[in-house]
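**Q** Contents of final-v4.cif (mmCIF, C-alpha atoms and all ligand atoms) are below:
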```cif
data_final
#
loop_
_atom_site.label_atom_id
_atom_site.label_comp_id
_atom_site.auth_asym_id
_atom_site.auth_seq_id
_atom_site.Cartn_x
_atom_site.Cartn_y
_atom_site.Cartn_z
CA MET A 1 0.00 0.00 0.00
CA THR A 2 1.39 3.42 -0.94
CA THR A 3 0.37 6.59 0.86
CA ASN A 4 0.15 9.62 -1.38
CA ARG A 5 0.51 13.14 -0.02
CA ARG A 6 -1.07 15.76 -2.26
CA TRP A 7 -1.93 19.45 -2.27
CA VAL A 8 -5.44 20.26 -3.41
CA LEU A 9 -7.17 23.58 -4.06
CA ALA A 10 -9.06 24.50 -0.87
CA LYS A 11 -10.57 27.80 -2.06
CA ARG A 12 -10.18 30.27 -4.89
CA PRO A 13 -7.51 32.89 -4.12
CA GLN A 14 -8.46 36.56 -3.91
CA GLY A 15 -5.61 38.75 -5.13
CA VAL A 16 -2.13 37.43 -4.29
CA PRO A 17 -2.54 33.71 -3.44
CA HIS A 18 -2.06 32.61 0.15
CA ALA A 19 -0.92 29.26 1.61
CA ASP A 20 -4.44 28.86 3.12
CA ASP A 21 -5.87 28.55 -0.38
CA PHE A 22 -4.39 25.03 -0.50
CA LYS A 23 -4.90 21.91 1.62
CA LEU A 24 -2.51 18.98 2.18
CA GLU A 25 -4.19 15.55 2.09
CA GLN A 26 -3.04 11.95 2.53
CA VAL A 27 -4.70 9.16 0.59
CA THR A 28 -3.94 5.46 0.11
CA LEU A 29 -3.37 4.64 -3.53
CA PRO A 30 -5.17 1.68 -5.13
CA GLU A 31 -3.28 -1.41 -6.40
CA LEU A 32 -1.83 -1.01 -9.90
CA GLN A 33 -4.00 -2.24 -12.78
CA ASP A 34 -2.66 -3.68 -16.04
CA GLY A 35 -1.20 -0.83 -18.11
CA GLN A 36 -0.43 1.34 -15.08
CA ALA A 37 2.82 2.40 -13.38
CA LEU A 38 3.52 3.91 -9.97
CA ILE A 39 5.82 6.94 -10.08
CA ARG A 40 7.58 8.45 -7.08
CA VAL A 41 7.56 12.19 -7.72
CA ASP A 42 10.94 13.73 -6.86
CA HIS A 43 10.62 17.34 -8.04
CA ILE A 44 7.60 19.44 -8.94
CA SER A 45 7.35 22.89 -10.46
CA VAL A 46 5.55 26.00 -9.31
CA ASP A 47 4.41 28.12 -12.26
CA PRO A 48 3.04 31.68 -12.41
CA GLY A 49 0.62 30.71 -15.20
CA MET A 50 -1.20 28.38 -12.77
CA ARG A 51 -2.52 31.47 -10.94
CA SER A 52 -5.27 32.18 -13.47
CA ARG A 53 -6.55 28.59 -13.38
CA LEU A 54 -7.01 28.80 -9.61
CA SER A 55 -9.62 31.52 -10.19
CA GLY A 56 -11.27 30.61 -13.48
CA ASP A 57 -10.85 29.32 -17.02
CA SER A 58 -7.63 30.11 -18.85
CA TYR A 59 -6.41 28.39 -22.04
CA ALA A 60 -7.03 25.29 -19.94
CA PRO A 61 -10.14 24.96 -17.76
CA ALA A 62 -10.21 26.26 -14.17
CA MET A 63 -9.02 23.86 -11.49
CA ALA A 64 -11.85 22.45 -9.38
CA ILE A 65 -11.96 22.86 -5.59
CA GLY A 66 -10.52 19.65 -4.11
CA GLU A 67 -8.48 18.86 -7.24
CA THR A 68 -4.71 18.14 -6.99
CA ILE A 69 -2.77 21.22 -8.11
CA GLU A 70 -1.39 20.57 -11.57
CA SER A 71 2.29 21.01 -12.32
CA ALA A 72 5.19 19.45 -14.15
CA GLY A 73 7.24 16.86 -12.29
CA VAL A 74 10.25 14.57 -12.53
CA GLY A 75 10.27 11.20 -10.82
CA LYS A 76 11.17 7.54 -10.86
CA VAL A 77 9.05 4.53 -11.83
CA LEU A 78 8.75 2.42 -8.66
CA ALA A 79 6.55 -0.37 -10.04
CA SER A 80 5.14 -0.96 -13.48
CA ARG A 81 2.51 -2.94 -15.33
CA ASN A 82 3.02 -0.73 -18.39
CA ALA A 83 5.44 -1.89 -21.10
CA LYS A 84 6.43 1.71 -21.94
CA LEU A 85 7.35 2.72 -18.38
CA LYS A 86 10.20 0.54 -17.12
CA GLU A 87 10.78 0.07 -13.42
CA GLY A 88 13.64 2.29 -12.25
CA ALA A 89 13.33 4.70 -15.22
CA LEU A 90 13.51 8.45 -14.65
CA VAL A 91 10.47 10.11 -16.17
CA TRP A 92 8.77 13.49 -16.41
CA GLY A 93 5.16 14.50 -16.92
CA GLY A 94 2.28 16.47 -15.46
CA PHE A 95 2.42 14.83 -12.04
CA GLY A 96 1.00 17.65 -9.91
CA TRP A 97 1.84 18.70 -6.37
CA GLN A 98 1.97 15.22 -4.86
CA SER A 99 4.39 12.54 -3.75
CA HIS A 100 3.18 9.73 -6.04
CA PHE A 101 1.43 9.46 -9.37
CA ILE A 102 -0.29 6.49 -11.00
CA SER A 103 0.11 6.75 -14.76
CA ASP A 104 -1.42 4.86 -17.67
CA GLY A 105 1.57 6.03 -19.71
CA ARG A 106 -0.15 8.96 -21.42
CA GLY A 107 1.79 12.22 -21.21
CA VAL A 108 4.71 10.62 -19.36
CA GLN A 109 8.12 10.46 -21.02
CA ALA A 110 11.32 8.68 -20.01
CA LEU A 111 14.35 10.96 -19.79
CA ASP A 112 16.75 10.29 -22.66
CA PRO A 113 20.11 9.35 -21.01
CA GLU A 114 21.86 10.81 -24.06
CA ILE A 115 20.50 14.25 -23.11
CA TYR A 116 20.35 14.03 -19.31
CA LYS A 117 23.99 13.44 -18.47
CA ASP A 118 26.99 15.41 -17.22
CA LYS A 119 25.91 18.97 -16.46
CA ILE A 120 22.31 18.44 -17.65
CA LYS A 121 20.31 17.35 -14.59
CA PRO A 122 16.95 15.50 -14.79
CA THR A 123 15.21 18.62 -13.42
CA ALA A 124 16.14 20.43 -16.65
CA ALA A 125 13.28 18.42 -18.23
CA ILE A 126 10.81 20.67 -16.38
CA GLY A 127 12.88 23.84 -16.61
CA VAL A 128 15.05 24.93 -19.48
CA PHE A 129 13.85 22.01 -21.66
CA GLY A 130 10.34 22.12 -20.21
CA ILE A 131 7.50 24.58 -20.68
CA PRO A 132 9.44 27.72 -19.58
CA GLY A 133 12.43 27.07 -21.87
CA LEU A 134 10.16 26.14 -24.77
CA THR A 135 8.10 29.31 -24.24
CA ALA A 136 11.29 31.34 -24.59
CA PHE A 137 12.27 29.41 -27.72
CA PHE A 138 8.95 29.58 -29.58
CA GLY A 139 8.00 33.04 -28.34
CA LEU A 140 11.28 34.42 -29.60
CA PHE A 141 11.52 32.55 -32.91
CA GLU A 142 7.86 32.39 -33.94
CA ILE A 143 6.68 35.83 -32.79
CA GLY A 144 9.80 37.88 -32.07
CA LYS A 145 11.48 36.76 -35.33
CA PRO A 146 14.91 38.01 -34.26
CA LYS A 147 17.55 39.17 -36.69
CA GLU A 148 21.22 39.70 -35.99
CA GLY A 149 21.74 43.19 -34.55
CA ASN A 150 18.18 43.53 -33.21
CA VAL A 151 17.69 45.13 -29.79
CA VAL A 152 15.67 42.80 -27.54
CA LEU A 153 14.13 43.91 -24.23
CA ILE A 154 13.01 41.16 -21.83
CA SER A 155 11.03 41.52 -18.61
CA SER A 156 11.28 39.13 -15.65
CA ALA A 157 14.59 38.31 -17.25
CA ALA A 158 15.99 36.39 -14.26
CA GLY A 159 13.15 33.85 -14.51
CA THR A 160 13.58 30.77 -16.69
CA VAL A 161 11.54 32.09 -19.61
CA GLY A 162 13.29 35.45 -19.56
CA ALA A 163 16.84 34.22 -19.00
CA THR A 164 16.47 31.58 -21.72
CA ALA A 165 14.99 34.08 -24.19
CA GLY A 166 17.83 36.51 -23.46
CA GLN A 167 20.55 33.94 -23.97
CA ILE A 168 19.01 32.66 -27.21
CA ALA A 169 18.72 36.24 -28.49
CA LYS A 170 22.42 36.70 -27.67
CA ILE A 171 23.35 33.49 -29.51
CA LEU A 172 21.57 34.98 -32.54
CA GLY A 173 23.66 38.16 -32.36
CA CYS A 174 21.10 40.50 -30.78
CA THR A 175 21.72 43.18 -28.16
CA THR A 176 19.85 42.21 -25.00
CA ILE A 177 18.39 44.32 -22.20
CA GLY A 178 17.04 42.44 -19.19
CA LEU A 179 14.72 43.71 -16.44
CA ALA A 180 14.73 42.24 -12.96
CA GLY A 181 13.59 43.22 -9.48
CA SER A 182 16.86 43.17 -7.51
CA ASP A 183 20.54 44.02 -7.90
CA ALA A 184 21.46 40.34 -7.30
CA LYS A 185 19.20 39.32 -10.19
CA CYS A 186 20.73 42.06 -12.37
CA ALA A 187 24.23 40.76 -11.56
CA TYR A 188 23.05 37.29 -12.65
CA LEU A 189 21.74 38.74 -15.93
CA LYS A 190 25.15 40.23 -16.66
CA GLU A 191 26.79 36.85 -15.86
CA THR A 192 24.51 35.12 -18.36
CA GLY A 193 25.51 37.60 -21.06
CA PHE A 194 22.82 40.30 -21.11
CA ASP A 195 24.33 43.52 -22.46
CA VAL A 196 22.32 45.70 -20.09
CA ALA A 197 20.51 44.80 -16.86
CA ILE A 198 17.98 47.21 -15.33
CA ASN A 199 16.57 46.90 -11.81
CA TYR A 200 13.06 48.07 -12.65
CA LYS A 201 12.23 48.64 -8.99
CA THR A 202 14.93 51.28 -8.52
CA ALA A 203 15.24 52.64 -12.08
CA GLY A 204 12.58 55.32 -11.64
CA ASP A 205 10.96 56.38 -14.92
CA LEU A 206 11.02 53.18 -17.02
CA THR A 207 10.28 54.97 -20.29
CA ALA A 208 13.40 57.09 -19.75
CA ALA A 209 15.45 54.07 -18.59
CA PHE A 210 14.56 52.12 -21.76
CA LYS A 211 15.37 55.17 -23.91
CA GLN A 212 18.78 55.38 -22.27
CA ALA A 213 19.46 51.64 -22.72
CA ALA A 214 18.24 51.58 -26.34
CA PRO A 215 18.57 55.13 -27.78
CA LYS A 216 17.66 53.91 -31.29
CA GLY A 217 14.70 51.91 -30.05
CA ILE A 218 13.70 48.33 -29.33
CA ASP A 219 13.05 45.78 -32.08
CA ILE A 220 11.57 43.04 -29.87
CA TYR A 221 9.97 43.28 -26.46
CA PHE A 222 9.61 39.82 -24.88
CA ASP A 223 6.96 40.58 -22.28
CA ASN A 224 6.53 38.42 -19.19
CA VAL A 225 4.86 41.03 -16.97
CA GLY A 226 2.47 43.45 -18.76
CA ALA A 227 1.11 46.64 -17.09
CA GLU A 228 3.32 49.76 -16.76
CA THR A 229 6.44 47.99 -18.04
CA LEU A 230 4.63 47.10 -21.25
CA ASP A 231 3.52 50.72 -21.67
CA ALA A 232 7.08 51.96 -21.23
CA ALA A 233 8.30 49.42 -23.80
CA ILE A 234 5.59 50.42 -26.33
CA LEU A 235 6.82 54.02 -26.15
CA ASN A 236 10.35 52.87 -27.05
CA MET A 237 9.64 50.43 -29.88
CA LYS A 238 11.34 50.87 -33.24
CA LYS A 239 9.38 50.90 -36.47
CA HIS A 240 8.02 47.40 -37.26
CA GLY A 241 8.85 46.26 -33.72
CA ARG A 242 7.39 43.00 -32.38
CA ILE A 243 5.97 42.48 -28.89
CA VAL A 244 5.88 38.87 -27.72
CA VAL A 245 3.19 38.44 -25.06
CA SER A 246 4.54 35.48 -23.10
CA GLY A 247 3.19 36.30 -19.63
CA GLN A 248 1.49 39.10 -17.70
CA ILE A 249 2.50 38.36 -14.12
CA ALA A 250 1.82 41.95 -12.98
CA GLU A 251 -1.84 41.36 -13.95
CA TYR A 252 -2.34 37.80 -12.67
CA ASN A 253 -3.64 38.86 -9.24
CA ALA A 254 -5.58 41.88 -10.51
CA GLY A 255 -8.90 40.06 -10.96
CA GLU A 256 -11.53 42.30 -12.55
CA ASN A 257 -9.33 45.41 -12.38
CA PRO A 258 -6.31 44.90 -14.69
CA ARG A 259 -3.85 47.78 -14.91
CA GLY A 260 -3.89 47.52 -18.71
CA ILE A 261 -2.10 49.37 -21.49
CA ARG A 262 -2.53 53.10 -22.00
CA HIS A 263 -0.30 53.84 -24.97
CA THR A 264 -1.72 52.39 -28.18
CA LEU A 265 -0.89 55.09 -30.78
CA PRO A 266 2.67 53.77 -31.39
CA PHE A 267 1.03 50.66 -32.87
CA ILE A 268 0.05 52.90 -35.77
CA THR A 269 2.94 55.33 -35.94
CA GLN A 270 5.59 52.62 -35.52
CA ARG A 271 3.65 49.82 -37.33
CA LEU A 272 4.01 47.54 -34.30
CA LYS A 273 2.81 43.97 -33.92
CA MET A 274 1.89 42.40 -30.60
CA GLU A 275 1.03 38.72 -30.36
CA GLY A 276 0.54 36.24 -27.55
CA LEU A 277 1.44 32.59 -27.52
CA VAL A 278 0.36 29.40 -25.82
CA VAL A 279 3.46 27.26 -26.00
CA TYR A 280 1.50 24.01 -26.25
CA ASP A 281 0.46 25.06 -29.79
CA TYR A 282 4.03 24.21 -30.86
CA GLY A 283 3.98 20.71 -29.32
CA VAL A 284 4.97 18.87 -32.49
CA GLN A 285 8.19 20.88 -32.62
CA PHE A 286 9.14 20.44 -28.94
CA ASN A 287 11.64 17.62 -29.48
CA ASP A 288 13.55 19.52 -32.17
CA ALA A 289 13.67 22.63 -29.97
CA ARG A 290 14.89 20.57 -26.98
CA ALA A 291 17.65 18.99 -29.09
CA GLN A 292 18.83 22.45 -30.16
CA MET A 293 18.74 23.79 -26.60
CA ALA A 294 20.54 20.70 -25.25
CA GLU A 295 23.29 21.36 -27.76
CA TRP A 296 23.55 24.98 -26.56
CA VAL A 297 23.69 23.85 -22.93
CA ARG A 298 26.36 21.23 -23.70
CA THR A 299 28.50 23.80 -25.51
CA GLY A 300 28.10 26.36 -22.70
CA LYS A 301 26.09 28.87 -24.77
CA LEU A 302 22.95 28.43 -22.68
CA THR A 303 22.91 28.16 -18.90
CA TYR A 304 20.05 27.77 -16.47
CA ARG A 305 19.48 28.49 -12.84
CA GLU A 306 17.38 26.34 -10.54
CA GLU A 307 16.17 27.12 -7.07
CA ILE A 308 15.16 24.00 -5.13
CA ILE A 309 12.80 24.39 -2.17
CA GLU A 310 12.92 21.43 0.21
CA GLY A 311 9.75 19.54 1.09
CA LEU A 312 6.33 19.05 -0.48
CA GLU A 313 4.88 20.92 2.53
CA GLN A 314 6.50 24.08 1.15
CA ALA A 315 4.79 23.97 -2.28
CA PRO A 316 2.13 26.67 -1.61
CA LYS A 317 4.72 28.98 -0.02
CA ALA A 318 7.05 28.40 -2.97
CA PHE A 319 4.21 29.27 -5.35
CA VAL A 320 3.27 32.45 -3.48
CA GLY A 321 6.93 33.55 -3.65
CA LEU A 322 6.66 33.80 -7.44
CA PHE A 323 4.48 36.88 -7.01
CA THR A 324 6.62 38.67 -4.45
CA GLY A 325 9.91 38.56 -6.37
CA GLU A 326 11.35 36.07 -3.85
CA SER A 327 11.86 33.37 -6.53
CA PHE A 328 15.09 33.44 -8.53
CA GLY A 329 15.38 31.13 -11.57
CA ARG A 330 13.38 27.95 -12.09
CA ARG A 331 11.63 27.35 -8.78
CA LEU A 332 11.14 23.65 -8.05
CA VAL A 333 10.11 21.77 -4.94
CA HIS A 334 12.03 18.68 -3.86
CA VAL A 335 9.19 16.48 -2.73
CA ALA A 336 10.96 14.17 -0.32
CA GLY A 337 13.05 16.88 1.30
N1 LIG B 1 2.50 31.79 -22.89
C1 LIG B 1 2.88 30.59 -22.47
O1 LIG B 1 2.62 29.55 -23.08
C2 LIG B 1 3.68 30.53 -21.21
C3 LIG B 1 4.24 29.34 -20.74
C4 LIG B 1 5.02 29.36 -19.57
C5 LIG B 1 5.19 30.55 -18.87
N2 LIG B 1 4.59 31.68 -19.35
C6 LIG B 1 4.74 32.97 -18.64
O2 LIG B 1 6.07 33.41 -18.74
C7 LIG B 1 6.37 34.27 -17.64
C8 LIG B 1 7.69 33.85 -17.02
O3 LIG B 1 7.57 32.54 -16.49
P1 LIG B 1 8.69 31.90 -15.55
O4 LIG B 1 8.24 30.52 -15.26
O5 LIG B 1 10.04 32.14 -16.14
O6 LIG B 1 8.49 32.72 -14.21
P2 LIG B 1 9.35 33.88 -13.54
O7 LIG B 1 9.72 34.87 -14.60
O8 LIG B 1 10.43 33.29 -12.74
O9 LIG B 1 8.25 34.51 -12.59
C9 LIG B 1 8.49 34.90 -11.25
C10 LIG B 1 9.16 36.26 -11.24
O10 LIG B 1 8.27 37.23 -11.82
C11 LIG B 1 8.62 38.52 -11.35
N3 LIG B 1 7.42 39.22 -10.90
C12 LIG B 1 6.53 38.79 -9.96
N4 LIG B 1 5.55 39.69 -9.81
C13 LIG B 1 5.82 40.73 -10.65
C14 LIG B 1 5.20 41.98 -10.94
N5 LIG B 1 4.06 42.34 -10.35
N6 LIG B 1 5.78 42.79 -11.85
C15 LIG B 1 6.93 42.43 -12.48
N7 LIG B 1 7.57 41.25 -12.25
C16 LIG B 1 7.03 40.43 -11.34
C17 LIG B 1 9.55 38.30 -10.13
O11 LIG B 1 10.88 38.60 -10.53
P3 LIG B 1 11.50 40.09 -10.30
O12 LIG B 1 12.20 40.02 -8.96
O13 LIG B 1 12.42 40.27 -11.44
O14 LIG B 1 10.35 41.05 -10.26
C18 LIG B 1 9.42 36.82 -9.87
O15 LIG B 1 10.58 36.27 -9.25
C19 LIG B 1 5.19 34.15 -16.66
O16 LIG B 1 4.39 35.31 -16.77
C20 LIG B 1 4.46 32.91 -17.14
O17 LIG B 1 3.09 32.93 -16.86
C21 LIG B 1 3.87 31.69 -20.49
#
```
How does the structure come out when it is put into structure tokens?
**A**
Amino acid sequence: MTTNRRWVLAKRPQGVPHADDFKLEQVTLPELQDGQALIRVDHISVDPGMRSRLSGDSYAPAMAIGETIESAGVGKVLASRNAKLKEGALVWGGFGWQSHFISDGRGVQALDPEIYKDKIKPTAAIGVFGIPGLTAFFGLFEIGKPKEGNVVLISSAAGTVGATAGQIAKILGCTTIGLAGSDAKCAYLKETGFDVAINYKTAGDLTAAFKQAAPKGIDIYFDNVGAETLDAAILNMKKHGRIVVSGQIAEYNAGENPRGIRHTLPFITQRLKMEGLVVYDYGVQFNDARAQMAEWVRTGKLTYREEIIEGLEQAPKAFVGLFTGESFGRRLVHVAG
């Protein structure tokens, strides 16, 4: 008999989520049926995009009260009656905030030992090679359409999406400007190769700060935050600039009162384009993108930063910390810790 510990949604958050919005439960798992495998979940992710699904429908339906919080996870197959999932194999999938997962094989993939070796840790499967890294890749290539010499501005640049987008833009020969909420994060941006790092909390007038960093204007704004930062970027875009709407974290807790965009005229005068993405739309290309990013990681052109929080009990707190600026890099929870 296996006991599963899992975090479920206790109530819908109002504003910034709180640990009380979640409830920790223990349940005994049923015996495995033919075709099933039991996975011990080792690491789970906490993701800003999950915020909207705690309150209502997003591009995926709202989470129900009492449902296990969904997330990516990496784990090990403990027992298997599924030919595809071998006992002892390291796997990743949408395991949720829980200690164990019974899978019928759908949506679970074994980690390729050819990729996950040396400096590439299994947790990279749910970080730089997972949804955040892929969002950077497809947002930049498919919407940003970078060209050598372009000036690329990236918000929440010390997060996995932002840091990956910045490093890929650099590989392609762009000039990169990263925004982050502390001097330590700005120092990290410089280490990863950003040309300019701006602490948006201390920079004062952001429109002026962007003008100073990019006097001839911005070709691509890779937006992870929305609100006033987006407005300041719009005012600094070059003609035919592209705005990639990856995330809007400054709006996620705003409910019915989003802060919104005020400056729309530059869309006409500068012939701007602004387009959002849902990374899952590019699913058929994920493996090719991962292979390219693995090559960049192996050759030292792309680095990633993980922040591991110990203990499944800490998952709600780890999630809340995404909205306070406490998180730094890919925030994961080590379940058994
Ligand atoms: N479109 C898609 O398919 C897709 C897929 C995955 C992720 N996303 C989005 O991509 C964005 C980045 O994701 P990530 O996983 O790499 O997370 P992340 O950037 O690490 O997000 C957490 C960070 O966001 C910043 N932040 C929090 N509240 C903020 C606010 N009010 N204003 C400005 N910055 C704030 C904080 O950093 P600072 O200290 O720098 O403020 C915080 O540490 C998120 O918005 C996410 O929803 C989109």
**Q** Return as a PyMOL selection string the residues of protein, DNA or RNA that approach ligand LIG 1 (chain B) to within 6 Å, with only C-alpha atoms and all ligand atoms taken into account.
**A** chain A and resi 47-49+131-132+135+156+158-162+180-182+224-225+246-250+277-279+322-329
**Q** Report as number ranges by chain all protein, DNA and RNA residues lying within 10 Å of Met63 of chain A, evaluated on only C-alpha atoms, omitting residues in the same chain fewer than 6 positions from it.
**A** A: 8-9, 12, 50, 52-57, 69-70
**Q** What does the structure give for the distance between atom CA of Leu189 of chain A and atom CA of Phe138 of chain A, in Å to one decimal?
**A** 20.8 Å
**Q** What does the distance from atom CA of Thr175 of chain A to atom CA of Ala232 of chain A come to in Å, to one decimal?
**A**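 Going from atom CA of Thr175 of chain A over to atom CA of Ala232 of chain A covers 18.4 Å.
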**Q** Closest to Phe95 of chain A among A:Glu142, A:Glu148, A:Glu310, A:Asp42, using only C-alpha atoms?
**A**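 Nearest to Phe95 of chain A: A:Asp42.
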**Q** Would you pick out the contacts of Lys238 of chain A at 7 Å or less, using all atoms listed in the file, so that residues sharing its chain but fewer than 3 positions from it are not included, and give the list as a list in words?
**A**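 The contact residues come out as Gly217, Ile218, Asp219, Gly241 and Gln270 of chain A.
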**Q** Work out how far apart atom CA of Thr123 of chain A and atom CA of Ile177 of chain A are and give it in Å to one decimal.
**A**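 Those two atoms sit 27.3 Å apart.
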**Q** Tell me which of A:Arg51, A:Arg5, A:Lys301, A:Lys211 sits closest to Gln167 of chain A, counting only C-alpha atoms.
**A**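 Looking only at the distances to Gln167 of chain A, the closest residue turns out to be A:Lys301.
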**Q** Can you work out which one of A:Asp281, A:Glu307, A:Asp118, A:Glu228 has the shortest atom-to-atom distance to Arg330 of chain A, counting all atoms listed in the file?
**A**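 With all atoms listed in the file as the atom set, the closest residue is A:Glu307.
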**Q** Considering all atoms listed in the file, state which residue in the set A:Lys117, A:His263, A:His100, A:Lys76 is at the smallest distance from Leu230 of chain A.
**A**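 The closest residue to Leu230 of chain A is A:His263.
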**Q** Point out the residue among A:Ile115, A:Ala227, A:Ile120, A:Tyr304 with the least atom-to-atom distance to Tyr252 of chain A, counting only C-alpha atoms.
**A**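 Among the listed residues, A:Ala227 lies closest to Tyr252 of chain A.
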**Q** Return the padded bounding box of segment 183-202 of chain A as JSON: axis-aligned, built from all atoms listed in the file, 4 Å added on each side, with centre and edge lengths in Å to one decimal.
**A**
```
{"center_x": 19.5, "center_y": 43.2, "center_z": -14.9, "size_x": 22.6, "size_y": 24.2, "size_z": 23.2}
```
